[in-house]
file final-v7.cif (mmCIF, C-alpha atoms and all ligand atoms)
data_final
#
loop_
_atom_site.label_atom_id
_atom_site.label_comp_id
_atom_site.auth_asym_id
_atom_site.auth_seq_id
_atom_site.Cartn_x
_atom_site.Cartn_y
_atom_site.Cartn_z
CA MET A 1 67.07 -55.55 39.51
CA ASN A 2 66.57 -57.82 36.49
CA VAL A 3 65.09 -56.97 33.13
CA TRP A 4 62.69 -59.39 31.47
CA ILE A 5 61.52 -59.69 27.90
CA ILE A 6 58.28 -61.53 27.20
CA ALA A 7 59.11 -63.14 23.87
CA GLU A 8 56.80 -63.54 20.92
CA HIS A 9 57.45 -66.37 18.51
CA LYS A 10 56.06 -67.97 15.39
CA ALA A 11 57.04 -71.39 14.02
CA ASP A 12 60.04 -71.76 16.37
CA ILE A 13 61.46 -68.33 15.49
CA ILE A 14 61.34 -65.30 17.76
CA THR A 15 59.76 -62.27 16.12
CA ASP A 16 61.62 -59.15 15.01
CA GLY A 17 59.79 -57.20 17.75
CA THR A 18 61.30 -59.54 20.33
CA LEU A 19 64.80 -59.10 18.85
CA GLU A 20 64.28 -55.34 19.16
CA ALA A 21 63.13 -55.79 22.77
CA ILE A 22 66.25 -57.86 23.50
CA GLY A 23 68.45 -55.06 22.08
CA THR A 24 66.69 -52.51 24.28
CA GLY A 25 66.68 -54.85 27.28
CA ARG A 26 70.43 -55.35 26.87
CA LEU A 27 70.99 -51.57 26.96
CA ILE A 28 68.87 -51.19 30.11
CA SER A 29 70.36 -54.21 31.88
CA ASN A 30 73.95 -53.09 31.08
CA LYS A 31 73.20 -49.60 32.41
CA LEU A 32 71.55 -50.96 35.57
CA ASN A 33 74.13 -53.68 36.00
CA ALA A 34 71.29 -56.16 35.89
CA LYS A 35 70.70 -59.50 34.21
CA LEU A 36 68.56 -59.91 31.12
CA PHE A 37 65.99 -62.70 31.02
CA ILE A 38 63.88 -63.84 28.08
CA VAL A 39 60.61 -65.46 29.15
CA VAL A 40 59.03 -67.72 26.55
CA LEU A 41 55.53 -69.11 26.90
CA GLY A 42 54.17 -71.79 24.61
CA TYR A 43 54.14 -75.49 23.91
CA GLU A 44 56.81 -77.77 22.38
CA LEU A 45 59.50 -75.13 22.71
CA PHE A 46 62.50 -77.41 22.23
CA VAL A 47 63.69 -76.00 18.88
CA LEU A 48 62.93 -72.43 19.92
CA SER A 49 64.85 -72.78 23.18
CA LYS A 50 67.93 -73.88 21.20
CA ASN A 51 67.57 -70.83 18.95
CA LEU A 52 67.30 -68.62 22.02
CA SER A 53 70.44 -69.78 23.73
CA ASN A 54 72.59 -67.14 22.00
CA ALA A 55 69.91 -64.49 21.55
CA GLY A 56 71.59 -62.06 23.93
CA ALA A 57 70.06 -62.89 27.32
CA ASP A 58 71.71 -64.19 30.47
CA ASN A 59 68.87 -66.58 31.18
CA VAL A 60 65.89 -67.98 29.32
CA TYR A 61 62.81 -69.08 31.25
CA LEU A 62 60.59 -71.58 29.45
CA LEU A 63 56.95 -71.88 30.47
CA GLU A 64 55.54 -74.80 28.57
CA THR A 65 52.10 -76.41 28.55
CA PRO A 66 49.49 -77.22 25.87
CA LEU A 67 47.35 -74.47 27.48
CA LEU A 68 49.92 -71.95 26.20
CA SER A 69 49.99 -73.24 22.62
CA GLN A 70 48.00 -70.15 21.62
CA TYR A 71 48.04 -66.71 23.24
CA THR A 72 45.30 -66.02 25.78
CA SER A 73 45.67 -63.30 28.37
CA ASP A 74 44.28 -65.58 31.11
CA ALA A 75 46.84 -68.34 30.48
CA TYR A 76 49.71 -65.90 30.04
CA ILE A 77 48.90 -63.90 33.17
CA GLY A 78 48.16 -67.07 35.17
CA SER A 79 51.60 -68.42 34.20
CA LEU A 80 53.58 -65.18 34.56
CA PHE A 81 52.10 -63.84 37.80
CA PRO A 82 53.62 -66.40 40.23
CA LEU A 83 56.98 -66.32 38.40
CA ILE A 84 57.13 -62.52 38.61
CA LYS A 85 56.16 -62.57 42.30
CA GLN A 86 58.91 -65.12 42.95
CA HIS A 87 61.73 -63.45 40.97
CA GLN A 88 60.70 -59.77 41.16
CA PRO A 89 62.14 -58.29 37.97
CA SER A 90 62.45 -54.48 37.79
CA VAL A 91 61.37 -53.92 34.22
CA ILE A 92 59.38 -56.10 31.82
CA LEU A 93 59.58 -55.23 28.11
CA ILE A 94 56.90 -56.48 25.74
CA PRO A 95 56.69 -55.82 21.96
CA SER A 96 53.76 -53.50 21.22
CA THR A 97 51.92 -55.96 18.98
CA CYS A 98 48.24 -57.00 19.14
CA ASN A 99 48.99 -59.59 21.81
CA GLY A 100 51.55 -57.41 23.61
CA ARG A 101 49.11 -54.51 23.83
CA ASP A 102 46.51 -56.89 25.24
CA LEU A 103 48.85 -58.52 27.75
CA ALA A 104 50.83 -55.57 29.14
CA PRO A 105 48.06 -53.46 30.76
CA LYS A 106 46.30 -56.54 32.13
CA LEU A 107 49.55 -57.80 33.63
CA ALA A 108 50.28 -54.37 35.16
CA ALA A 109 46.75 -54.24 36.60
CA LYS A 110 47.12 -57.71 38.09
CA LEU A 111 50.49 -56.76 39.63
CA LYS A 112 49.26 -53.26 40.58
CA THR A 113 52.38 -51.73 39.03
CA ALA A 114 53.10 -48.99 36.47
CA TYR A 115 52.57 -49.40 32.73
CA ALA A 116 54.00 -47.22 29.92
CA SER A 117 52.76 -48.05 26.44
CA ASP A 118 54.31 -47.76 23.01
CA ALA A 119 57.78 -46.44 23.90
CA SER A 120 59.75 -45.37 20.85
CA LYS A 121 62.92 -44.27 22.72
CA ILE A 122 64.48 -45.01 26.07
CA ASP A 123 66.94 -42.86 28.04
CA ILE A 124 68.53 -43.99 31.25
CA ASP A 125 70.01 -41.53 33.69
CA ARG A 126 69.26 -42.07 37.36
CA GLU A 127 65.74 -42.86 36.23
CA ILE A 128 64.49 -44.57 33.08
CA PHE A 129 62.67 -42.27 30.69
CA PHE A 130 60.40 -43.60 27.98
CA THR A 131 59.53 -41.41 25.02
CA ARG A 132 56.20 -42.14 23.35
CA PRO A 133 54.16 -40.40 20.65
CA ALA A 134 51.10 -38.61 22.04
CA TYR A 135 48.14 -36.72 20.56
CA GLY A 136 48.29 -38.72 17.37
CA GLY A 137 52.05 -38.31 17.00
CA ARG A 138 51.88 -34.49 17.14
CA LEU A 139 54.11 -34.43 20.18
CA LEU A 140 56.49 -36.79 21.89
CA SER A 141 55.92 -37.18 25.60
CA THR A 142 58.57 -38.41 27.99
CA VAL A 143 57.29 -40.54 30.82
CA THR A 144 58.85 -42.28 33.76
CA CYS A 145 57.33 -44.91 36.01
CA ARG A 146 57.08 -44.80 39.80
CA GLY A 147 56.19 -47.07 42.67
CA GLU A 148 56.16 -50.83 42.94
CA LYS A 149 58.07 -52.86 40.35
CA PRO A 150 58.11 -54.41 37.84
CA TRP A 151 57.33 -51.60 35.46
CA ILE A 152 55.70 -52.94 32.33
CA ILE A 153 56.69 -51.25 29.07
CA THR A 154 55.54 -51.97 25.53
CA LEU A 155 57.94 -51.11 22.71
CA ARG A 156 56.80 -49.70 19.39
CA PRO A 157 57.78 -52.10 16.57
CA ARG A 158 60.76 -50.97 14.44
CA ALA A 159 61.57 -48.03 16.71
CA PHE A 160 64.56 -49.88 18.21
CA GLY A 161 67.47 -51.74 16.64
CA LYS A 162 67.48 -55.54 16.66
CA PHE A 163 69.96 -57.38 18.82
CA ALA A 164 72.51 -58.94 16.50
CA GLY A 165 73.31 -62.05 18.56
CA ALA A 166 75.80 -62.87 21.27
CA SER A 167 78.71 -65.14 21.92
CA LYS A 168 77.43 -65.64 25.46
CA ILE A 169 75.24 -68.72 25.94
CA ALA A 170 72.14 -68.19 28.07
CA LYS A 171 71.15 -70.59 30.82
CA ILE A 172 67.83 -72.19 29.92
CA GLU A 173 65.47 -73.04 32.78
CA LYS A 174 62.11 -74.74 32.53
CA HIS A 175 59.50 -73.64 35.05
CA ALA A 176 56.47 -75.61 36.15
CA ILE A 177 53.12 -73.96 35.48
CA ASP A 178 50.04 -74.28 37.59
CA ILE A 179 47.07 -73.20 35.48
CA SER A 180 43.88 -75.06 34.60
CA SER A 181 41.86 -74.91 31.39
CA SER A 182 38.86 -73.63 33.40
CA SER A 183 40.83 -70.44 34.22
CA ILE A 184 40.99 -69.53 30.51
CA ARG A 185 37.83 -67.56 29.79
CA THR A 186 38.36 -66.59 26.14
CA MET A 187 39.95 -68.74 23.45
CA ILE A 188 40.39 -68.34 19.70
CA LYS A 189 38.64 -71.22 17.97
CA GLY A 190 39.87 -70.60 14.45
CA PHE A 191 41.61 -68.22 12.06
CA GLU A 192 40.75 -67.11 8.58
CA ARG A 193 43.47 -65.36 6.63
CA THR A 194 42.13 -62.19 5.03
CA GLN A 195 45.41 -60.82 3.63
CA LYS A 196 47.99 -62.60 1.52
CA GLY A 197 51.72 -62.24 2.14
CA VAL A 198 53.36 -59.99 4.70
CA GLY A 199 51.11 -58.12 7.13
CA LEU A 200 51.07 -54.33 7.39
CA THR A 201 53.01 -54.17 10.65
CA GLU A 202 55.90 -56.28 9.29
CA ALA A 203 56.08 -54.65 5.84
CA ASP A 204 59.17 -52.62 4.88
CA ILE A 205 57.20 -50.67 2.28
CA ILE A 206 53.58 -49.50 2.57
CA ILE A 207 51.59 -47.69 -0.12
CA SER A 208 48.48 -46.23 1.50
CA GLY A 209 45.45 -44.66 -0.13
CA GLY A 210 42.91 -42.27 1.30
CA ARG A 211 39.67 -40.58 0.29
CA GLY A 212 41.56 -38.95 -2.59
CA MET A 213 41.64 -42.38 -4.32
CA LYS A 214 37.92 -41.71 -5.09
CA LYS A 215 36.81 -45.39 -5.43
CA ALA A 216 37.77 -48.97 -4.61
CA GLU A 217 38.91 -49.86 -8.17
CA ASN A 218 41.58 -47.14 -8.04
CA PHE A 219 43.38 -49.06 -5.30
CA LYS A 220 44.51 -51.40 -8.14
CA MET A 221 47.05 -48.68 -8.97
CA LEU A 222 48.41 -48.90 -5.43
CA GLU A 223 48.53 -52.70 -5.66
CA GLU A 224 50.53 -52.40 -8.87
CA LEU A 225 52.96 -49.97 -7.24
CA ALA A 226 53.21 -52.21 -4.17
CA LYS A 227 53.99 -55.19 -6.40
CA ILE A 228 56.81 -53.33 -8.17
CA LEU A 229 58.32 -52.11 -4.88
CA GLY A 230 57.70 -55.31 -2.91
CA GLY A 231 55.34 -53.59 -0.48
CA VAL A 232 51.79 -53.90 0.80
CA VAL A 233 48.75 -51.65 0.50
CA GLY A 234 47.32 -49.75 3.46
CA ALA A 235 44.48 -47.26 3.81
CA SER A 236 43.23 -44.27 5.76
CA GLY A 237 40.18 -44.47 7.99
CA ALA A 238 38.14 -42.62 5.36
CA ALA A 239 39.00 -45.20 2.67
CA VAL A 240 38.05 -48.02 5.04
CA ASP A 241 34.82 -46.29 6.09
CA ALA A 242 33.92 -45.93 2.40
CA GLY A 243 34.24 -49.72 2.08
CA TRP A 244 37.12 -49.48 -0.44
CA MET A 245 39.55 -51.41 1.76
CA PRO A 246 39.10 -53.85 4.67
CA HIS A 247 39.64 -52.64 8.25
CA SER A 248 42.72 -54.89 8.45
CA ALA A 249 44.42 -52.41 6.05
CA GLN A 250 43.65 -49.31 8.16
CA VAL A 251 46.64 -47.37 9.44
CA GLY A 252 46.17 -45.08 12.42
CA GLN A 253 44.84 -44.64 15.88
CA THR A 254 42.10 -47.24 15.49
CA GLY A 255 44.01 -49.24 12.89
CA LYS A 256 47.57 -50.54 12.72
CA VAL A 257 50.63 -48.72 14.02
CA VAL A 258 53.37 -49.09 11.41
CA SER A 259 56.98 -47.95 11.04
CA PRO A 260 58.09 -49.15 7.61
CA LYS A 261 61.25 -48.03 5.83
CA LEU A 262 59.07 -46.33 3.21
CA TYR A 263 55.47 -45.06 3.56
CA ILE A 264 53.81 -43.57 0.49
CA ALA A 265 50.58 -41.73 1.33
CA CYS A 266 48.34 -41.15 -1.70
CA GLY A 267 45.35 -38.82 -1.37
CA ILE A 268 45.60 -38.80 2.43
CA SER A 269 45.23 -35.44 4.21
CA GLY A 270 47.26 -36.34 7.32
CA ALA A 271 44.64 -36.20 10.08
CA PRO A 272 46.09 -36.68 13.59
CA GLN A 273 44.37 -40.09 13.82
CA HIS A 274 46.20 -41.23 10.67
CA LEU A 275 49.55 -39.73 11.70
CA ALA A 276 49.26 -41.63 15.01
CA GLY A 277 49.80 -44.84 13.06
CA MET A 278 52.57 -43.92 10.63
CA SER A 279 54.53 -40.84 11.73
CA THR A 280 57.51 -42.94 12.89
CA SER A 281 58.00 -44.39 9.37
CA LYS A 282 61.64 -43.97 8.29
CA CYS A 283 60.82 -42.20 5.02
CA ILE A 284 57.42 -40.68 4.23
CA VAL A 285 56.40 -39.71 0.70
CA ALA A 286 53.11 -37.85 0.26
CA ILE A 287 51.16 -37.32 -2.93
CA ASN A 288 48.36 -34.81 -2.49
CA LYS A 289 46.84 -32.17 -4.76
CA ASP A 290 46.46 -29.74 -1.85
CA PRO A 291 49.90 -28.18 -1.17
CA ASP A 292 48.70 -27.17 2.32
CA ALA A 293 47.64 -30.70 3.33
CA PRO A 294 48.99 -31.48 6.85
CA ILE A 295 50.58 -34.72 5.57
CA PHE A 296 53.34 -32.59 3.98
CA LYS A 297 54.44 -31.47 7.47
CA VAL A 298 55.55 -35.02 8.31
CA ALA A 299 56.63 -36.01 4.79
CA ASP A 300 60.31 -36.33 3.81
CA TYR A 301 59.32 -35.99 0.15
CA GLY A 302 56.14 -34.36 -1.07
CA ILE A 303 54.54 -34.32 -4.49
CA ALA A 304 51.86 -31.62 -4.70
CA GLY A 305 49.85 -32.94 -7.60
CA ASP A 306 46.94 -35.03 -8.80
CA LEU A 307 47.62 -38.64 -7.85
CA PHE A 308 45.85 -39.83 -11.02
CA GLU A 309 48.58 -38.08 -13.02
CA VAL A 310 51.49 -38.76 -10.66
CA LEU A 311 50.93 -42.46 -9.91
CA PRO A 312 50.89 -43.72 -13.55
CA ILE A 313 54.16 -41.83 -14.22
CA LEU A 314 55.72 -43.23 -11.04
CA ILE A 315 54.61 -46.77 -11.95
CA GLU A 316 55.96 -46.46 -15.51
CA GLU A 317 59.31 -45.05 -14.31
CA LEU A 318 59.70 -47.73 -11.64
CA LYS A 319 58.84 -50.47 -14.14
CA ARG A 320 61.64 -49.19 -16.37
C1 LIG B 401 38.05 -41.77 17.07
C2 LIG B 401 38.58 -41.67 15.66
C3 LIG B 401 39.50 -42.61 15.23
C4 LIG B 401 40.00 -42.54 13.95
N1 LIG B 401 40.95 -43.47 13.55
C5 LIG B 401 41.52 -43.34 12.34
C6 LIG B 401 42.55 -44.22 11.91
O1 LIG B 401 42.93 -45.18 12.61
N2 LIG B 401 43.13 -44.00 10.71
C7 LIG B 401 42.75 -42.98 9.88
O2 LIG B 401 43.33 -42.83 8.80
N3 LIG B 401 41.75 -42.16 10.23
C8 LIG B 401 41.12 -42.32 11.43
N4 LIG B 401 40.11 -41.48 11.78
C9 LIG B 401 39.58 -40.55 10.75
C10 LIG B 401 40.40 -39.30 10.61
O3 LIG B 401 39.98 -38.32 11.52
C11 LIG B 401 40.25 -38.71 9.19
O4 LIG B 401 38.90 -38.48 8.93
C12 LIG B 401 40.81 -39.63 8.11
O5 LIG B 401 42.13 -40.01 8.40
C13 LIG B 401 40.80 -38.88 6.79
O6 LIG B 401 41.17 -39.76 5.78
P1 LIG B 401 41.79 -39.21 4.42
O7 LIG B 401 43.03 -38.45 4.70
O8 LIG B 401 41.85 -40.36 3.48
O9 LIG B 401 40.60 -38.27 3.89
P2 LIG B 401 40.55 -36.68 3.79
O10 LIG B 401 40.88 -36.03 5.08
O11 LIG B 401 39.23 -36.37 3.18
O12 LIG B 401 41.71 -36.33 2.78
C14 LIG B 401 41.69 -36.67 1.44
C15 LIG B 401 42.90 -36.01 0.81
O13 LIG B 401 43.00 -36.43 -0.53
C16 LIG B 401 43.47 -35.32 -1.28
N5 LIG B 401 43.06 -35.54 -2.68
C17 LIG B 401 41.80 -35.57 -3.17
N6 LIG B 401 41.84 -35.85 -4.49
C18 LIG B 401 43.14 -35.99 -4.83
C19 LIG B 401 43.81 -36.26 -6.04
N7 LIG B 401 43.16 -36.48 -7.18
N8 LIG B 401 45.17 -36.32 -6.03
C20 LIG B 401 45.86 -36.10 -4.88
N9 LIG B 401 45.26 -35.84 -3.70
C21 LIG B 401 43.91 -35.79 -3.68
C22 LIG B 401 42.81 -34.10 -0.67
O14 LIG B 401 43.56 -32.93 -0.94
C23 LIG B 401 42.84 -34.48 0.81
O15 LIG B 401 43.97 -33.94 1.45
C24 LIG B 401 39.57 -41.53 13.07
C25 LIG B 401 38.64 -40.60 13.51
C26 LIG B 401 38.15 -40.68 14.78
C27 LIG B 401 37.17 -39.63 15.24
#

call {"tool": "encode", "arguments": {"input": "final-v7.cif", "output": "structure tokens"}}
result
Amino acid sequence: MNVWIIAEHKADIITDGTLEAIGTGRLISNKLNAKLFIVVLGYELFVLSKNLSNAGADNVYLLETPLLSQYTSDAYIGSLFPLIKQHQPSVILIPSTCNGRDLAPKLAAKLKTAYASDASKIDIDREIFFTRPAYGGRLLSTVTCRGEKPWIITLRPRAFGKFAGASKIAKIEKHAIDISSSSIRTMIKGFERTQKGVGLTEADIIISGGRGMKKAENFKMLEELAKILGGVVGASGAAVDAGWMPHSAQVGQTGKVVSPKLYIACGISGAPQHLAGMSTSKCIVAINKDPDAPIFKVADYGIAGDLFEVLPILIEELKR
């Protein structure tokens, strides 16, 4: 009846999404009277394992080999599958990041067990209920899993509180891994950074522009506003399709799913595909000249006006 978290980490630090998963895992494990395990895959995990000892779990499993030094679904599944079969956890929580969204369904398929994606709320009664946005965030559906365990659940970033740390020290166990390099079919050979600073999914403040921005140069206004507020610039699908912003900046169904503290939508109508990526933002401000634009239905604050008049005033006021 144990609950597992598959941890994500960068430079010996576990990610915020993992801390949120630990907080949620702790709630579930307390309710089910179960133990909470953090499973960490990677290479040279010594420093990280020390950081994890008081992260809130009962046990930490370390799976360490050079073949896990970067994420590949083959190496991760090859390492996790025998461990899961041996220890039979009930629930596995995975942050809903690029890698998590790749891993979770493949792992569930390999195990032939249930998978619920992108949970933004969890309720535990006699069953566990996962609430997730559906139809582009226009409704919230509640799902529960059935059949063989473990159930694999991905958690929407920033929808859950982070675990603050524990006085309890987790037992750290290293597990041998039996995978070969020939079993890894796809590997990343290199990275090229296309965005400076914080990425969209980690940003606390996002200023997004849509078709209403009219042309690429006008995004400079959004960059200026983002600089003043300490945020990053995002875009709607229409702005990306027009070539004004790179696809890496797209928010929505086929872009990034974000939940910042503040989301300012400028000249964005609020199509369901856009709302799917940002409707769980803590505070939404919309600037749109059409007072009937659907974005105002999800906005906490709306400015019905021409963004070319509103934005310069906002920038001047914020500068002051
Ligand atoms: C399969 C699929 C996947 C998709 N995935 C995504 C996705 O991931 N993300 C996404 O965003 N879209 C996505 N789309 C596209 C989506 O359906 C919409 O077409 C898109 O979101 C519209 O972008 P927009 O709001 O910028 O443009 P529009 O809908 O054209 O809205 C522009 C808005 O700007 C306002 N405006 C114009 N001028 C001004 C001004 N001067 N001042 C203030 N307001 C002004 C207008 O009133 C209007 O509301 C997808 C579509 C499909 C079919």

call {"tool": "atom_distance", "arguments": {"input": "final-v7.cif", "atom1": "atom CA of A:Ile169", "atom2": "atom CA of A:Ser53"}}
result
5.4 Å

call {"tool": "residues_near_ligand", "arguments": {"input": "final-v7.cif", "ligand": "ligand LIG 401 (chain B)", "cutoff": "7 Å", "atoms": "all atoms listed in the file", "output": "PyMOL selection string"}}
result
chain A and resi 209-213+235-239+250-255+266-274+277+287-290+293+305-308

call {"tool": "residues_near_point", "arguments": {"input": "final-v7.cif", "point": "(45.4, -74.9, 19.6)", "cutoff": "10 Å", "atoms": "only C-alpha atoms", "output": "PDB file with C-alpha atoms, in the coordinates of the input"}}
result
ATOM      1  CA  TYR A  43      54.140 -75.490  23.910  1.00  0.00           C
ATOM      2  CA  PRO A  66      49.490 -77.220  25.870  1.00  0.00           C
ATOM      3  CA  LEU A  67      47.350 -74.470  27.480  1.00  0.00           C
ATOM      4  CA  LEU A  68      49.920 -71.950  26.200  1.00  0.00           C
ATOM      5  CA  SER A  69      49.990 -73.240  22.620  1.00  0.00           C
ATOM      6  CA  GLN A  70      48.000 -70.150  21.620  1.00  0.00           C
ATOM      7  CA  TYR A  71      48.040 -66.710  23.240  1.00  0.00           C
ATOM      8  CA  MET A 187      39.950 -68.740  23.450  1.00  0.00           C
ATOM      9  CA  ILE A 188      40.390 -68.340  19.700  1.00  0.00           C
ATOM     10  CA  LYS A 189      38.640 -71.220  17.970  1.00  0.00           C
ATOM     11  CA  GLY A 190      39.870 -70.600  14.450  1.00  0.00           C
TER      12      GLY A 190
END

call {"tool": "atom_distance", "arguments": {"input": "final-v7.cif", "atom1": "atom CA of A:Asp118", "atom2": "atom CA of A:Arg132"}}
result
5.9 Å

call {"tool": "residues_around", "arguments": {"input": "final-v7.cif", "residues": "A:Asp292", "least_positions_apart": "4", "cutoff": "9 Å", "atoms": "all atoms listed in the file", "output": "list in words"}}
result
Phe296, Lys297 and Ala304 of chain A

call {"tool": "closest_residue", "arguments": {"input": "final-v7.cif", "among": "A:Ala34, A:Ile313, A:Ile295, A:Ile13", "to": "A:Val47", "atoms": "only C-alpha atoms"}}
result
A:Ile13

call {"tool": "atom_distance", "arguments": {"input": "final-v7.cif", "atom1": "atom CA of A:Thr280", "atom2": "atom CA of A:Asp204"}}
result
12.7 Å

call {"tool": "residues_near_point", "arguments": {"input": "final-v7.cif", "point": "(55.6, -47.1, 6.1)", "cutoff": "9 Å", "atoms": "only C-alpha atoms", "output": "ChimeraX atom specification"}}
result
/A:200-201,203-208,258-265,278-284

call {"tool": "residues_around", "arguments": {"input": "final-v7.cif", "residues": "A:Glu316", "least_positions_apart": "3", "cutoff": "12 Å", "atoms": "all atoms listed in the file", "output": "NGL selection string"}}
result
:A and (221 or 224-225 or 228 or 309-313 or 319-320)

call {"tool": "write_last_selection", "arguments": {"input": "final-v7.cif", "atoms": "C-alpha atoms", "output": "compact mmCIF listing (two decimals), in the frame of the given file"}}
result
# COMPACT_ATOMS: atom_id res chain seq x y z
CA MET A 221 47.05 -48.68 -8.97
CA GLU A 224 50.53 -52.40 -8.87
CA LEU A 225 52.96 -49.97 -7.24
CA ILE A 228 56.81 -53.33 -8.17
CA GLU A 309 48.58 -38.08 -13.02
CA VAL A 310 51.49 -38.76 -10.66
CA LEU A 311 50.93 -42.46 -9.91
CA PRO A 312 50.89 -43.72 -13.55
CA ILE A 313 54.16 -41.83 -14.22
CA LYS A 319 58.84 -50.47 -14.14
CA ARG A 320 61.64 -49.19 -16.37

call {"tool": "closest_residue", "arguments": {"input": "final-v7.cif", "among": "A:Asp125, A:Asp300, A:Asp58, A:Asp178", "to": "A:Ile38", "atoms": "all atoms listed in the file"}}
result
A:Asp58

call {"tool": "closest_residue", "arguments": {"input": "final-v7.cif", "among": "A:Phe130, A:Tyr135, A:Phe219, A:Phe81", "to": "A:Leu155", "atoms": "all atoms listed in the file"}}
result
A:Phe130

call {"tool": "axis_aligned_box", "arguments": {"input": "final-v7.cif", "around": "stretch 201-215 of chain A", "padding_each_side": "6 Å", "output": "AutoDock Vina command-line options"}}
result
--center_x 48.0 --center_y -47.6 --center_z 2.6 --size_x 34.4 --size_y 29.3 --size_z 28.1

call {"tool": "residues_around", "arguments": {"input": "final-v7.cif", "residues": "A:Asp16", "least_positions_apart": "6", "cutoff": "9 Å", "atoms": "all atoms listed in the file", "output": "VMD selection string"}}
result
chain A and resid 8 157 to 158 162 202

call {"tool": "residues_around", "arguments": {"input": "final-v7.cif", "residues": "A:Thr131", "least_positions_apart": "6", "cutoff": "9 Å", "atoms": "all atoms listed in the file", "output": "PDB file with C-alpha atoms, keeping the file's coordinate frame"}}
result
ATOM      1  CA  ASP A 118      54.310 -47.760  23.010  1.00  0.00           C
ATOM      2  CA  ALA A 119      57.780 -46.440  23.900  1.00  0.00           C
ATOM      3  CA  SER A 120      59.750 -45.370  20.850  1.00  0.00           C
ATOM      4  CA  LYS A 121      62.920 -44.270  22.720  1.00  0.00           C
ATOM      5  CA  ILE A 122      64.480 -45.010  26.070  1.00  0.00           C
ATOM      6  CA  ASP A 123      66.940 -42.860  28.040  1.00  0.00           C
ATOM      7  CA  LEU A 140      56.490 -36.790  21.890  1.00  0.00           C
ATOM      8  CA  SER A 141      55.920 -37.180  25.600  1.00  0.00           C
ATOM      9  CA  THR A 142      58.570 -38.410  27.990  1.00  0.00           C
ATOM     10  CA  VAL A 143      57.290 -40.540  30.820  1.00  0.00           C
ATOM     11  CA  THR A 144      58.850 -42.280  33.760  1.00  0.00           C
TER      12      THR A 144
END

call {"tool": "closest_residue", "arguments": {"input": "final-v7.cif", "among": "A:Leu45, A:Leu36, A:Ile303, A:Ala109", "to": "A:Val285", "atoms": "only C-alpha atoms"}}
result
A:Ile303

call {"tool": "decode", "arguments": {"input": "final-v7.cif", "residues": "stretch 287-298 of chain A", "atoms": "N, CA and C atoms", "output": "PDB file, in the first residue's frame"}}
result
ATOM      1  N   ILE A 287      -6.164  42.019 -21.018  1.00  0.00           N
ATOM      2  CA  ILE A 287      -6.325  43.311 -21.698  1.00  0.00           C
ATOM      3  C   ILE A 287      -6.813  42.985 -23.105  1.00  0.00           C
ATOM      4  N   ASN A 288      -8.027  43.437 -23.420  1.00  0.00           N
ATOM      5  CA  ASN A 288      -8.601  43.113 -24.726  1.00  0.00           C
ATOM      6  C   ASN A 288      -9.612  44.209 -25.098  1.00  0.00           C
ATOM      7  N   LYS A 289      -9.583  44.619 -26.355  1.00  0.00           N
ATOM      8  CA  LYS A 289     -10.487  45.723 -26.734  1.00  0.00           C
ATOM      9  C   LYS A 289     -11.927  45.254 -26.920  1.00  0.00           C
ATOM     10  N   ASP A 290     -12.122  43.933 -26.993  1.00  0.00           N
ATOM     11  CA  ASP A 290     -13.485  43.395 -27.137  1.00  0.00           C
ATOM     12  C   ASP A 290     -14.017  43.006 -25.744  1.00  0.00           C
ATOM     13  N   PRO A 291     -14.988  43.777 -25.213  1.00  0.00           N
ATOM     14  CA  PRO A 291     -15.474  43.476 -23.852  1.00  0.00           C
ATOM     15  C   PRO A 291     -16.133  42.104 -23.730  1.00  0.00           C
ATOM     16  N   ASP A 292     -16.514  41.511 -24.879  1.00  0.00           N
ATOM     17  CA  ASP A 292     -17.141  40.182 -24.840  1.00  0.00           C
ATOM     18  C   ASP A 292     -16.145  39.047 -25.083  1.00  0.00           C
ATOM     19  N   ALA A 293     -14.860  39.351 -25.128  1.00  0.00           N
ATOM     20  CA  ALA A 293     -13.859  38.300 -25.388  1.00  0.00           C
ATOM     21  C   ALA A 293     -13.940  37.236 -24.279  1.00  0.00           C
ATOM     22  N   PRO A 294     -13.906  35.951 -24.636  1.00  0.00           N
ATOM     23  CA  PRO A 294     -14.046  34.878 -23.637  1.00  0.00           C
ATOM     24  C   PRO A 294     -12.976  34.898 -22.538  1.00  0.00           C
ATOM     25  N   ILE A 295     -11.844  35.532 -22.813  1.00  0.00           N
ATOM     26  CA  ILE A 295     -10.761  35.579 -21.803  1.00  0.00           C
ATOM     27  C   ILE A 295     -11.256  36.255 -20.513  1.00  0.00           C
ATOM     28  N   PHE A 296     -12.220  37.205 -20.652  1.00  0.00           N
ATOM     29  CA  PHE A 296     -12.716  37.911 -19.466  1.00  0.00           C
ATOM     30  C   PHE A 296     -13.482  36.982 -18.518  1.00  0.00           C
ATOM     31  N   LYS A 297     -13.956  35.841 -19.050  1.00  0.00           N
ATOM     32  CA  LYS A 297     -14.709  34.902 -18.193  1.00  0.00           C
ATOM     33  C   LYS A 297     -13.781  34.218 -17.185  1.00  0.00           C
ATOM     34  N   VAL A 298     -12.500  34.077 -17.550  1.00  0.00           N
ATOM     35  CA  VAL A 298     -11.573  33.430 -16.605  1.00  0.00           C
ATOM     36  C   VAL A 298     -10.699  34.459 -15.887  1.00  0.00           C
TER      37      VAL A 298
END
